[in-house]
Each structure stands twice: as C-alpha cells, then as structure tokens.
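Enquirer: One file is attached below, work.pdb, containing PDB, N, CA and C atoms, pLDDT in the B column.
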ATOM      1  N   MET A  62       0.838  -1.173   0.000  1.00 47.00           N
ATOM      2  CA  MET A  62       0.000   0.000   0.000  1.00 47.00           C
ATOM      3  C   MET A  62       0.883   1.236   0.000  1.00 47.00           C
ATOM      4  N   HIS A  63       0.376   2.281  -0.614  1.00 49.00           N
ATOM      5  CA  HIS A  63       1.135   3.510  -0.768  1.00 49.00           C
ATOM      6  C   HIS A  63       0.319   4.665  -0.218  1.00 49.00           C
ATOM      7  N   ASN A  64       0.843   5.401   0.717  1.00 51.00           N
ATOM      8  CA  ASN A  64       0.160   6.560   1.265  1.00 51.00           C
ATOM      9  C   ASN A  64       0.535   7.805   0.500  1.00 51.00           C
ATOM     10  N   THR A  65      -0.463   8.585   0.112  1.00 52.00           N
ATOM     11  CA  THR A  65      -0.248   9.890  -0.502  1.00 52.00           C
ATOM     12  C   THR A  65      -1.100  10.861   0.289  1.00 52.00           C
ATOM     13  N   GLY A  66      -0.539  11.451   1.317  1.00 49.00           N
ATOM     14  CA  GLY A  66      -1.332  12.302   2.187  1.00 49.00           C
ATOM     15  C   GLY A  66      -2.354  11.471   2.917  1.00 49.00           C
ATOM     16  N   ASN A  67      -3.627  11.855   2.794  1.00 51.00           N
ATOM     17  CA  ASN A  67      -4.719  11.119   3.438  1.00 51.00           C
ATOM     18  C   ASN A  67      -5.280  10.024   2.561  1.00 51.00           C
ATOM     19  N   ARG A  68      -4.738   9.852   1.374  1.00 68.00           N
ATOM     20  CA  ARG A  68      -5.293   8.896   0.412  1.00 68.00           C
ATOM     21  C   ARG A  68      -4.428   7.643   0.345  1.00 68.00           C
ATOM     22  N   THR A  69      -5.066   6.502   0.420  1.00 89.00           N
ATOM     23  CA  THR A  69      -4.359   5.234   0.336  1.00 89.00           C
ATOM     24  C   THR A  69      -4.754   4.544  -0.958  1.00 89.00           C
ATOM     25  N   ASP A  70      -3.767   4.029  -1.669  1.00 92.00           N
ATOM     26  CA  ASP A  70      -4.044   3.309  -2.905  1.00 92.00           C
ATOM     27  C   ASP A  70      -4.593   1.929  -2.604  1.00 92.00           C
ATOM     28  N   ALA A  71      -5.645   1.558  -3.319  1.00 93.00           N
ATOM     29  CA  ALA A  71      -6.164   0.195  -3.238  1.00 93.00           C
ATOM     30  C   ALA A  71      -5.346  -0.710  -4.140  1.00 93.00           C
ATOM     31  N   VAL A  72      -4.934  -0.171  -5.298  1.00 93.00           N
ATOM     32  CA  VAL A  72      -4.132  -0.919  -6.269  1.00 93.00           C
ATOM     33  C   VAL A  72      -3.105   0.033  -6.861  1.00 93.00           C
ATOM     34  N   ARG A  73      -1.882  -0.463  -7.000  1.00 94.00           N
ATOM     35  CA  ARG A  73      -0.845   0.321  -7.667  1.00 94.00           C
ATOM     36  C   ARG A  73      -0.076  -0.602  -8.599  1.00 94.00           C
ATOM     37  N   LEU A  74       0.059  -0.202  -9.848  1.00 96.00           N
ATOM     38  CA  LEU A  74       0.809  -0.954 -10.845  1.00 96.00           C
ATOM     39  C   LEU A  74       1.996  -0.099 -11.269  1.00 96.00           C
ATOM     40  N   THR A  75       3.165  -0.715 -11.316  1.00 96.00           N
ATOM     41  CA  THR A  75       4.373   0.025 -11.669  1.00 96.00           C
ATOM     42  C   THR A  75       5.123  -0.695 -12.777  1.00 96.00           C
ATOM     43  N   ALA A  76       5.282  -0.016 -13.915  1.00 97.00           N
ATOM     44  CA  ALA A  76       6.046  -0.516 -15.066  1.00 97.00           C
ATOM     45  C   ALA A  76       5.607  -1.921 -15.493  1.00 97.00           C
ATOM     46  N   VAL A  77       4.304  -2.126 -15.599  1.00 97.00           N
ATOM     47  CA  VAL A  77       3.760  -3.437 -15.974  1.00 97.00           C
ATOM     48  C   VAL A  77       3.953  -3.674 -17.470  1.00 97.00           C
ATOM     49  N   ARG A  78       4.424  -4.859 -17.800  1.00 96.00           N
ATOM     50  CA  ARG A  78       4.590  -5.271 -19.200  1.00 96.00           C
ATOM     51  C   ARG A  78       4.006  -6.672 -19.343  1.00 96.00           C
ATOM     52  N   LYS A  79       3.188  -6.856 -20.366  1.00 96.00           N
ATOM     53  CA  LYS A  79       2.594  -8.163 -20.631  1.00 96.00           C
ATOM     54  C   LYS A  79       2.729  -8.452 -22.123  1.00 96.00           C
ATOM     55  N   VAL A  80       3.352  -9.587 -22.426  1.00 96.00           N
ATOM     56  CA  VAL A  80       3.559 -10.000 -23.813  1.00 96.00           C
ATOM     57  C   VAL A  80       2.933 -11.370 -23.990  1.00 96.00           C
ATOM     58  N   TYR A  81       2.131 -11.513 -25.033  1.00 95.00           N
ATOM     59  CA  TYR A  81       1.547 -12.802 -25.393  1.00 95.00           C
ATOM     60  C   TYR A  81       2.324 -13.368 -26.574  1.00 95.00           C
ATOM     61  N   GLY A  82       2.437 -14.679 -26.642  1.00 95.00           N
ATOM     62  CA  GLY A  82       3.109 -15.332 -27.755  1.00 95.00           C
ATOM     63  C   GLY A  82       4.617 -15.399 -27.562  1.00 95.00           C
ATOM     64  N   ARG A  83       5.304 -15.892 -28.579  1.00 93.00           N
ATOM     65  CA  ARG A  83       6.755 -16.066 -28.528  1.00 93.00           C
ATOM     66  C   ARG A  83       7.395 -15.614 -29.833  1.00 93.00           C
ATOM     67  N   ARG A  84       8.584 -15.145 -29.709  1.00 89.00           N
ATOM     68  CA  ARG A  84       9.442 -14.750 -30.828  1.00 89.00           C
ATOM     69  C   ARG A  84       8.709 -14.006 -31.929  1.00 89.00           C
ATOM     70  N   ASP A  85       8.508 -14.632 -33.088  1.00 92.00           N
ATOM     71  CA  ASP A  85       7.917 -13.953 -34.243  1.00 92.00           C
ATOM     72  C   ASP A  85       6.428 -13.670 -34.084  1.00 92.00           C
ATOM     73  N   ASN A  86       5.796 -14.306 -33.114  1.00 94.00           N
ATOM     74  CA  ASN A  86       4.348 -14.133 -32.918  1.00 94.00           C
ATOM     75  C   ASN A  86       4.024 -13.323 -31.665  1.00 94.00           C
ATOM     76  N   GLN A  87       4.931 -12.502 -31.197  1.00 95.00           N
ATOM     77  CA  GLN A  87       4.703 -11.735 -29.975  1.00 95.00           C
ATOM     78  C   GLN A  87       3.736 -10.574 -30.200  1.00 95.00           C
ATOM     79  N   VAL A  88       2.874 -10.395 -29.218  1.00 93.00           N
ATOM     80  CA  VAL A  88       1.988  -9.234 -29.178  1.00 93.00           C
ATOM     81  C   VAL A  88       2.182  -8.580 -27.818  1.00 93.00           C
ATOM     82  N   VAL A  89       2.576  -7.332 -27.816  1.00 94.00           N
ATOM     83  CA  VAL A  89       2.756  -6.597 -26.563  1.00 94.00           C
ATOM     84  C   VAL A  89       1.410  -5.978 -26.201  1.00 94.00           C
ATOM     85  N   ALA A  90       0.796  -6.476 -25.132  1.00 94.00           N
ATOM     86  CA  ALA A  90      -0.512  -5.990 -24.696  1.00 94.00           C
ATOM     87  C   ALA A  90      -0.374  -4.783 -23.776  1.00 94.00           C
ATOM     88  N   LEU A  91       0.628  -4.797 -22.914  1.00 96.00           N
ATOM     89  CA  LEU A  91       0.915  -3.679 -22.010  1.00 96.00           C
ATOM     90  C   LEU A  91       2.408  -3.430 -22.029  1.00 96.00           C
ATOM     91  N   ASP A  92       2.799  -2.173 -22.062  1.00 96.00           N
ATOM     92  CA  ASP A  92       4.224  -1.843 -22.118  1.00 96.00           C
ATOM     93  C   ASP A  92       4.518  -0.655 -21.213  1.00 96.00           C
ATOM     94  N   ASP A  93       5.135  -0.923 -20.061  1.00 96.00           N
ATOM     95  CA  ASP A  93       5.558   0.106 -19.109  1.00 96.00           C
ATOM     96  C   ASP A  93       4.374   0.922 -18.580  1.00 96.00           C
ATOM     97  N   VAL A  94       3.316   0.228 -18.182  1.00 96.00           N
ATOM     98  CA  VAL A  94       2.124   0.892 -17.652  1.00 96.00           C
ATOM     99  C   VAL A  94       2.282   1.103 -16.155  1.00 96.00           C
ATOM    100  N   THR A  95       2.112   2.342 -15.726  1.00 96.00           N
ATOM    101  CA  THR A  95       2.149   2.691 -14.316  1.00 96.00           C
ATOM    102  C   THR A  95       0.886   3.469 -13.989  1.00 96.00           C
ATOM    103  N   THR A  96       0.144   3.017 -12.983  1.00 95.00           N
ATOM    104  CA  THR A  96      -1.088   3.699 -12.578  1.00 95.00           C
ATOM    105  C   THR A  96      -1.422   3.309 -11.147  1.00 95.00           C
ATOM    106  N   ARG A  97      -2.348   4.020 -10.579  1.00 94.00           N
ATOM    107  CA  ARG A  97      -2.828   3.665  -9.242  1.00 94.00           C
ATOM    108  C   ARG A  97      -4.312   3.976  -9.140  1.00 94.00           C
ATOM    109  N   PHE A  98      -4.981   3.229  -8.298  1.00 93.00           N
ATOM    110  CA  PHE A  98      -6.407   3.394  -8.068  1.00 93.00           C
ATOM    111  C   PHE A  98      -6.606   3.618  -6.576  1.00 93.00           C
ATOM    112  N   GLY A  99      -7.174   4.741  -6.222  1.00 93.00           N
ATOM    113  CA  GLY A  99      -7.340   5.098  -4.815  1.00 93.00           C
ATOM    114  C   GLY A  99      -8.436   4.306  -4.137  1.00 93.00           C
ATOM    115  N   ARG A 100      -8.206   4.012  -2.887  1.00 93.00           N
ATOM    116  CA  ARG A 100      -9.205   3.323  -2.069  1.00 93.00           C
ATOM    117  C   ARG A 100     -10.448   4.209  -1.963  1.00 93.00           C
ATOM    118  N   GLY A 101     -11.620   3.607  -2.158  1.00 92.00           N
ATOM    119  CA  GLY A 101     -12.875   4.341  -2.036  1.00 92.00           C
ATOM    120  C   GLY A 101     -13.240   5.152  -3.269  1.00 92.00           C
ATOM    121  N   THR A 102     -12.537   4.926  -4.386  1.00 93.00           N
ATOM    122  CA  THR A 102     -12.853   5.644  -5.618  1.00 93.00           C
ATOM    123  C   THR A 102     -13.433   4.681  -6.651  1.00 93.00           C
ATOM    124  N   PHE A 103     -14.038   5.230  -7.684  1.00 94.00           N
ATOM    125  CA  PHE A 103     -14.540   4.452  -8.803  1.00 94.00           C
ATOM    126  C   PHE A 103     -13.727   4.830 -10.032  1.00 94.00           C
ATOM    127  N   THR A 104     -13.345   3.835 -10.812  1.00 93.00           N
ATOM    128  CA  THR A 104     -12.552   4.070 -12.012  1.00 93.00           C
ATOM    129  C   THR A 104     -13.159   3.297 -13.172  1.00 93.00           C
ATOM    130  N   ALA A 105     -13.281   3.952 -14.315  1.00 95.00           N
ATOM    131  CA  ALA A 105     -13.753   3.289 -15.536  1.00 95.00           C
ATOM    132  C   ALA A 105     -12.545   3.052 -16.434  1.00 95.00           C
ATOM    133  N   ILE A 106     -12.412   1.831 -16.925  1.00 95.00           N
ATOM    134  CA  ILE A 106     -11.362   1.483 -17.882  1.00 95.00           C
ATOM    135  C   ILE A 106     -12.026   1.414 -19.249  1.00 95.00           C
ATOM    136  N   MET A 107     -11.651   2.323 -20.132  1.00 97.00           N
ATOM    137  CA  MET A 107     -12.307   2.424 -21.436  1.00 97.00           C
ATOM    138  C   MET A 107     -11.277   2.426 -22.551  1.00 97.00           C
ATOM    139  N   GLY A 108     -11.682   1.920 -23.717  1.00 96.00           N
ATOM    140  CA  GLY A 108     -10.819   1.925 -24.885  1.00 96.00           C
ATOM    141  C   GLY A 108     -11.368   0.994 -25.933  1.00 96.00           C
ATOM    142  N   PRO A 109     -10.812   1.063 -27.124  1.00 96.00           N
ATOM    143  CA  PRO A 109     -11.298   0.199 -28.205  1.00 96.00           C
ATOM    144  C   PRO A 109     -10.951  -1.264 -27.962  1.00 96.00           C
ATOM    145  N   SER A 110     -11.612  -2.124 -28.688  1.00 95.00           N
ATOM    146  CA  SER A 110     -11.339  -3.551 -28.624  1.00 95.00           C
ATOM    147  C   SER A 110      -9.858  -3.812 -28.923  1.00 95.00           C
ATOM    148  N   GLY A 111      -9.242  -4.642 -28.081  1.00 91.00           N
ATOM    149  CA  GLY A 111      -7.842  -4.998 -28.294  1.00 91.00           C
ATOM    150  C   GLY A 111      -6.847  -4.015 -27.712  1.00 91.00           C
ATOM    151  N   SER A 112      -7.311  -3.041 -26.927  1.00 93.00           N
ATOM    152  CA  SER A 112      -6.396  -2.033 -26.392  1.00 93.00           C
ATOM    153  C   SER A 112      -5.722  -2.425 -25.078  1.00 93.00           C
ATOM    154  N   GLY A 113      -6.132  -3.565 -24.479  1.00 94.00           N
ATOM    155  CA  GLY A 113      -5.466  -4.048 -23.273  1.00 94.00           C
ATOM    156  C   GLY A 113      -6.245  -3.857 -21.984  1.00 94.00           C
ATOM    157  N   LYS A 114      -7.523  -3.514 -22.075  1.00 95.00           N
ATOM    158  CA  LYS A 114      -8.322  -3.293 -20.878  1.00 95.00           C
ATOM    159  C   LYS A 114      -8.401  -4.527 -19.982  1.00 95.00           C
ATOM    160  N   SER A 115      -8.785  -5.660 -20.562  1.00 96.00           N
ATOM    161  CA  SER A 115      -8.904  -6.894 -19.795  1.00 96.00           C
ATOM    162  C   SER A 115      -7.552  -7.356 -19.274  1.00 96.00           C
ATOM    163  N   THR A 116      -6.519  -7.198 -20.070  1.00 96.00           N
ATOM    164  CA  THR A 116      -5.166  -7.569 -19.643  1.00 96.00           C
ATOM    165  C   THR A 116      -4.731  -6.725 -18.451  1.00 96.00           C
ATOM    166  N   LEU A 117      -5.016  -5.430 -18.487  1.00 96.00           N
ATOM    167  CA  LEU A 117      -4.686  -4.546 -17.373  1.00 96.00           C
ATOM    168  C   LEU A 117      -5.380  -5.004 -16.101  1.00 96.00           C
ATOM    169  N   LEU A 118      -6.671  -5.309 -16.201  1.00 95.00           N
ATOM    170  CA  LEU A 118      -7.412  -5.741 -15.027  1.00 95.00           C
ATOM    171  C   LEU A 118      -6.944  -7.093 -14.506  1.00 95.00           C
ATOM    172  N   GLN A 119      -6.587  -7.997 -15.409  1.00 95.00           N
ATOM    173  CA  GLN A 119      -6.047  -9.293 -14.990  1.00 95.00           C
ATOM    174  C   GLN A 119      -4.725  -9.111 -14.250  1.00 95.00           C
ATOM    175  N   CYS A 120      -3.870  -8.233 -14.739  1.00 95.00           N
ATOM    176  CA  CYS A 120      -2.595  -7.975 -14.062  1.00 95.00           C
ATOM    177  C   CYS A 120      -2.819  -7.321 -12.706  1.00 95.00           C
ATOM    178  N   ALA A 121      -3.776  -6.420 -12.632  1.00 94.00           N
ATOM    179  CA  ALA A 121      -4.078  -5.753 -11.360  1.00 94.00           C
ATOM    180  C   ALA A 121      -4.602  -6.749 -10.330  1.00 94.00           C
ATOM    181  N   ALA A 122      -5.336  -7.763 -10.806  1.00 93.00           N
ATOM    182  CA  ALA A 122      -5.900  -8.763  -9.892  1.00 93.00           C
ATOM    183  C   ALA A 122      -4.848  -9.768  -9.438  1.00 93.00           C
ATOM    184  N   GLY A 123      -3.719  -9.799 -10.136  1.00 86.00           N
ATOM    185  CA  GLY A 123      -2.652 -10.718  -9.751  1.00 86.00           C
ATOM    186  C   GLY A 123      -2.823 -12.063 -10.346  1.00 86.00           C
TER     187      GLY A 123
END
As structure tokens, what does this structure read like?
Expert:
Amino acid sequence: MHNTGNRTDAVRLTAVRKVYGRRDNQVVALDDVTTRFGRGTFTAIMGPSGSGKSTLLQCAAG
C-alpha cells in the first residue's frame, strides 16, 4: 500500500509489461504501464477492442 497524504491506494501498478506469444508471434498488450487506483474511488477502464483493458485488469488482480 502507498500513502499519498490522506489517500491510500487500493491498487498500484508500476512498469507493468505483458507480452503474449513467442518470438515472431509476440503481441505486446501492455508496455511500461504505471497507474494507481485510490481506495474508495470508482474508475472506468475504457478503450477500443484490443487495447489491453482486460489484460490490465487481470494484471491488477494478480
């Protein structure tokens, strides 16, 4: 957990990278993503199909 003043992060991701496939068939889904979600807040993850939304949430869930 990370304290920022009175606000505590519920989730913090730092330099997350996720690659699917191997060698010539690699797809980089996330590349150096850093973000945080504050405890007691609501966040919407939006973007076009294939932009990495589900991958981001899977990584955040561990």
Enquirer: From the list A:Arg83, A:Ala90, A:Ala76, A:Thr102, which residue is nearest Lys114 (chain A) when using only C-alpha atoms?
Expert: A:Ala90
Enquirer: So how far away is atom N of Ser112 (chain A) from CA of Tyr81 (chain A), in Å?
Expert: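 Distance reported for this atom pair: 13.3 Å.
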Enquirer: Select all residues near (-4.9, -1.3, -2.4) (cut-off 10 Å, inclusive, file coordinates), counting only C-alpha atoms, and output them as a PDB file with N, CA and C atoms, in the frame of the given file.
Expert:
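Result file follows (part-v5.pdb):
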ATOM      1  N   MET A  62       0.838  -1.173   0.000  1.00 47.00           N
ATOM      2  CA  MET A  62       0.000   0.000   0.000  1.00 47.00           C
ATOM      3  C   MET A  62       0.883   1.236   0.000  1.00 47.00           C
ATOM      4  N   HIS A  63       0.376   2.281  -0.614  1.00 49.00           N
ATOM      5  CA  HIS A  63       1.135   3.510  -0.768  1.00 49.00           C
ATOM      6  C   HIS A  63       0.319   4.665  -0.218  1.00 49.00           C
ATOM      7  N   THR A  69      -5.066   6.502   0.420  1.00 89.00           N
ATOM      8  CA  THR A  69      -4.359   5.234   0.336  1.00 89.00           C
ATOM      9  C   THR A  69      -4.754   4.544  -0.958  1.00 89.00           C
ATOM     10  N   ASP A  70      -3.767   4.029  -1.669  1.00 92.00           N
ATOM     11  CA  ASP A  70      -4.044   3.309  -2.905  1.00 92.00           C
ATOM     12  C   ASP A  70      -4.593   1.929  -2.604  1.00 92.00           C
ATOM     13  N   ALA A  71      -5.645   1.558  -3.319  1.00 93.00           N
ATOM     14  CA  ALA A  71      -6.164   0.195  -3.238  1.00 93.00           C
ATOM     15  C   ALA A  71      -5.346  -0.710  -4.140  1.00 93.00           C
ATOM     16  N   VAL A  72      -4.934  -0.171  -5.298  1.00 93.00           N
ATOM     17  CA  VAL A  72      -4.132  -0.919  -6.269  1.00 93.00           C
ATOM     18  C   VAL A  72      -3.105   0.033  -6.861  1.00 93.00           C
ATOM     19  N   ARG A  73      -1.882  -0.463  -7.000  1.00 94.00           N
ATOM     20  CA  ARG A  73      -0.845   0.321  -7.667  1.00 94.00           C
ATOM     21  C   ARG A  73      -0.076  -0.602  -8.599  1.00 94.00           C
ATOM     22  N   ARG A  97      -2.348   4.020 -10.579  1.00 94.00           N
ATOM     23  CA  ARG A  97      -2.828   3.665  -9.242  1.00 94.00           C
ATOM     24  C   ARG A  97      -4.312   3.976  -9.140  1.00 94.00           C
ATOM     25  N   PHE A  98      -4.981   3.229  -8.298  1.00 93.00           N
ATOM     26  CA  PHE A  98      -6.407   3.394  -8.068  1.00 93.00           C
ATOM     27  C   PHE A  98      -6.606   3.618  -6.576  1.00 93.00           C
ATOM     28  N   GLY A  99      -7.174   4.741  -6.222  1.00 93.00           N
ATOM     29  CA  GLY A  99      -7.340   5.098  -4.815  1.00 93.00           C
ATOM     30  C   GLY A  99      -8.436   4.306  -4.137  1.00 93.00           C
ATOM     31  N   ARG A 100      -8.206   4.012  -2.887  1.00 93.00           N
ATOM     32  CA  ARG A 100      -9.205   3.323  -2.069  1.00 93.00           C
ATOM     33  C   ARG A 100     -10.448   4.209  -1.963  1.00 93.00           C
ATOM     34  N   GLY A 101     -11.620   3.607  -2.158  1.00 92.00           N
ATOM     35  CA  GLY A 101     -12.875   4.341  -2.036  1.00 92.00           C
ATOM     36  C   GLY A 101     -13.240   5.152  -3.269  1.00 92.00           C
TER      37      GLY A 101
END
Enquirer: Kindly give the distance, in Å, that separates atom C of Val80 (chain A) and atom N of Asp92 (chain A), rounded to a single decimal.
Expert: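 Value for the atom C of Val80 (chain A)-atom N of Asp92 (chain A) distance: 9.4 Å.
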Enquirer: Just the strand (DSSP E or B) stuff from chain A, please, per backbone DSSP, written as a PDB file with N, CA and C atoms, in the frame of the given file.
Expert:
ATOM      1  N   ASN A  64       0.843   5.401   0.717  1.00 51.00           N
ATOM      2  CA  ASN A  64       0.160   6.560   1.265  1.00 51.00           C
ATOM      3  C   ASN A  64       0.535   7.805   0.500  1.00 51.00           C
ATOM      4  N   THR A  65      -0.463   8.585   0.112  1.00 52.00           N
ATOM      5  CA  THR A  65      -0.248   9.890  -0.502  1.00 52.00           C
ATOM      6  C   THR A  65      -1.100  10.861   0.289  1.00 52.00           C
ATOM      7  N   ARG A  68      -4.738   9.852   1.374  1.00 68.00           N
ATOM      8  CA  ARG A  68      -5.293   8.896   0.412  1.00 68.00           C
ATOM      9  C   ARG A  68      -4.428   7.643   0.345  1.00 68.00           C
ATOM     10  N   THR A  69      -5.066   6.502   0.420  1.00 89.00           N
ATOM     11  CA  THR A  69      -4.359   5.234   0.336  1.00 89.00           C
ATOM     12  C   THR A  69      -4.754   4.544  -0.958  1.00 89.00           C
ATOM     13  N   ASP A  70      -3.767   4.029  -1.669  1.00 92.00           N
ATOM     14  CA  ASP A  70      -4.044   3.309  -2.905  1.00 92.00           C
ATOM     15  C   ASP A  70      -4.593   1.929  -2.604  1.00 92.00           C
ATOM     16  N   ALA A  71      -5.645   1.558  -3.319  1.00 93.00           N
ATOM     17  CA  ALA A  71      -6.164   0.195  -3.238  1.00 93.00           C
ATOM     18  C   ALA A  71      -5.346  -0.710  -4.140  1.00 93.00           C
ATOM     19  N   VAL A  72      -4.934  -0.171  -5.298  1.00 93.00           N
ATOM     20  CA  VAL A  72      -4.132  -0.919  -6.269  1.00 93.00           C
ATOM     21  C   VAL A  72      -3.105   0.033  -6.861  1.00 93.00           C
ATOM     22  N   ARG A  73      -1.882  -0.463  -7.000  1.00 94.00           N
ATOM     23  CA  ARG A  73      -0.845   0.321  -7.667  1.00 94.00           C
ATOM     24  C   ARG A  73      -0.076  -0.602  -8.599  1.00 94.00           C
ATOM     25  N   LEU A  74       0.059  -0.202  -9.848  1.00 96.00           N
ATOM     26  CA  LEU A  74       0.809  -0.954 -10.845  1.00 96.00           C
ATOM     27  C   LEU A  74       1.996  -0.099 -11.269  1.00 96.00           C
ATOM     28  N   THR A  75       3.165  -0.715 -11.316  1.00 96.00           N
ATOM     29  CA  THR A  75       4.373   0.025 -11.669  1.00 96.00           C
ATOM     30  C   THR A  75       5.123  -0.695 -12.777  1.00 96.00           C
ATOM     31  N   ALA A  76       5.282  -0.016 -13.915  1.00 97.00           N
ATOM     32  CA  ALA A  76       6.046  -0.516 -15.066  1.00 97.00           C
ATOM     33  C   ALA A  76       5.607  -1.921 -15.493  1.00 97.00           C
ATOM     34  N   VAL A  77       4.304  -2.126 -15.599  1.00 97.00           N
ATOM     35  CA  VAL A  77       3.760  -3.437 -15.974  1.00 97.00           C
ATOM     36  C   VAL A  77       3.953  -3.674 -17.470  1.00 97.00           C
ATOM     37  N   ARG A  78       4.424  -4.859 -17.800  1.00 96.00           N
ATOM     38  CA  ARG A  78       4.590  -5.271 -19.200  1.00 96.00           C
ATOM     39  C   ARG A  78       4.006  -6.672 -19.343  1.00 96.00           C
ATOM     40  N   LYS A  79       3.188  -6.856 -20.366  1.00 96.00           N
ATOM     41  CA  LYS A  79       2.594  -8.163 -20.631  1.00 96.00           C
ATOM     42  C   LYS A  79       2.729  -8.452 -22.123  1.00 96.00           C
ATOM     43  N   VAL A  80       3.352  -9.587 -22.426  1.00 96.00           N
ATOM     44  CA  VAL A  80       3.559 -10.000 -23.813  1.00 96.00           C
ATOM     45  C   VAL A  80       2.933 -11.370 -23.990  1.00 96.00           C
ATOM     46  N   TYR A  81       2.131 -11.513 -25.033  1.00 95.00           N
ATOM     47  CA  TYR A  81       1.547 -12.802 -25.393  1.00 95.00           C
ATOM     48  C   TYR A  81       2.324 -13.368 -26.574  1.00 95.00           C
ATOM     49  N   VAL A  88       2.874 -10.395 -29.218  1.00 93.00           N
ATOM     50  CA  VAL A  88       1.988  -9.234 -29.178  1.00 93.00           C
ATOM     51  C   VAL A  88       2.182  -8.580 -27.818  1.00 93.00           C
ATOM     52  N   VAL A  89       2.576  -7.332 -27.816  1.00 94.00           N
ATOM     53  CA  VAL A  89       2.756  -6.597 -26.563  1.00 94.00           C
ATOM     54  C   VAL A  89       1.410  -5.978 -26.201  1.00 94.00           C
ATOM     55  N   ALA A  90       0.796  -6.476 -25.132  1.00 94.00           N
ATOM     56  CA  ALA A  90      -0.512  -5.990 -24.696  1.00 94.00           C
ATOM     57  C   ALA A  90      -0.374  -4.783 -23.776  1.00 94.00           C
ATOM     58  N   LEU A  91       0.628  -4.797 -22.914  1.00 96.00           N
ATOM     59  CA  LEU A  91       0.915  -3.679 -22.010  1.00 96.00           C
ATOM     60  C   LEU A  91       2.408  -3.430 -22.029  1.00 96.00           C
ATOM     61  N   ASP A  92       2.799  -2.173 -22.062  1.00 96.00           N
ATOM     62  CA  ASP A  92       4.224  -1.843 -22.118  1.00 96.00           C
ATOM     63  C   ASP A  92       4.518  -0.655 -21.213  1.00 96.00           C
ATOM     64  N   ASP A  93       5.135  -0.923 -20.061  1.00 96.00           N
ATOM     65  CA  ASP A  93       5.558   0.106 -19.109  1.00 96.00           C
ATOM     66  C   ASP A  93       4.374   0.922 -18.580  1.00 96.00           C
ATOM     67  N   VAL A  94       3.316   0.228 -18.182  1.00 96.00           N
ATOM     68  CA  VAL A  94       2.124   0.892 -17.652  1.00 96.00           C
ATOM     69  C   VAL A  94       2.282   1.103 -16.155  1.00 96.00           C
ATOM     70  N   THR A  95       2.112   2.342 -15.726  1.00 96.00           N
ATOM     71  CA  THR A  95       2.149   2.691 -14.316  1.00 96.00           C
ATOM     72  C   THR A  95       0.886   3.469 -13.989  1.00 96.00           C
ATOM     73  N   THR A  96       0.144   3.017 -12.983  1.00 95.00           N
ATOM     74  CA  THR A  96      -1.088   3.699 -12.578  1.00 95.00           C
ATOM     75  C   THR A  96      -1.422   3.309 -11.147  1.00 95.00           C
ATOM     76  N   ARG A  97      -2.348   4.020 -10.579  1.00 94.00           N
ATOM     77  CA  ARG A  97      -2.828   3.665  -9.242  1.00 94.00           C
ATOM     78  C   ARG A  97      -4.312   3.976  -9.140  1.00 94.00           C
ATOM     79  N   PHE A  98      -4.981   3.229  -8.298  1.00 93.00           N
ATOM     80  CA  PHE A  98      -6.407   3.394  -8.068  1.00 93.00           C
ATOM     81  C   PHE A  98      -6.606   3.618  -6.576  1.00 93.00           C
ATOM     82  N   GLY A  99      -7.174   4.741  -6.222  1.00 93.00           N
ATOM     83  CA  GLY A  99      -7.340   5.098  -4.815  1.00 93.00           C
ATOM     84  C   GLY A  99      -8.436   4.306  -4.137  1.00 93.00           C
TER      85      GLY A  99
END
Enquirer: Can you tell me how far atom C of Gly108 (chain A) sits from atom C of Leu91 (chain A), in Å to one decimal?
Expert: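 Atom-to-atom, atom C of Gly108 (chain A) to atom C of Leu91 (chain A), that is 15.0 Å.
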Enquirer: Take every atom of region 78-87 of chain A listed in the file, pad by 8 Å on each side, and give me the axis-aligned box centre and edge lengths in Å, one decimal, as lines of an AutoDock Vina configuration file.
Expert:
center_x = 5.5
center_y = -10.5
center_z = -26.0
size_x = 23.9
size_y = 27.2
size_z = 32.4
Enquirer: For the provided coordinates, the residues matched by the PyMOL selection byres (((chain A and resi 122 and name CA) around 12) and name CA) should be stated as a ChimeraX atom specification.
Expert: /A:71-74,115-121,123
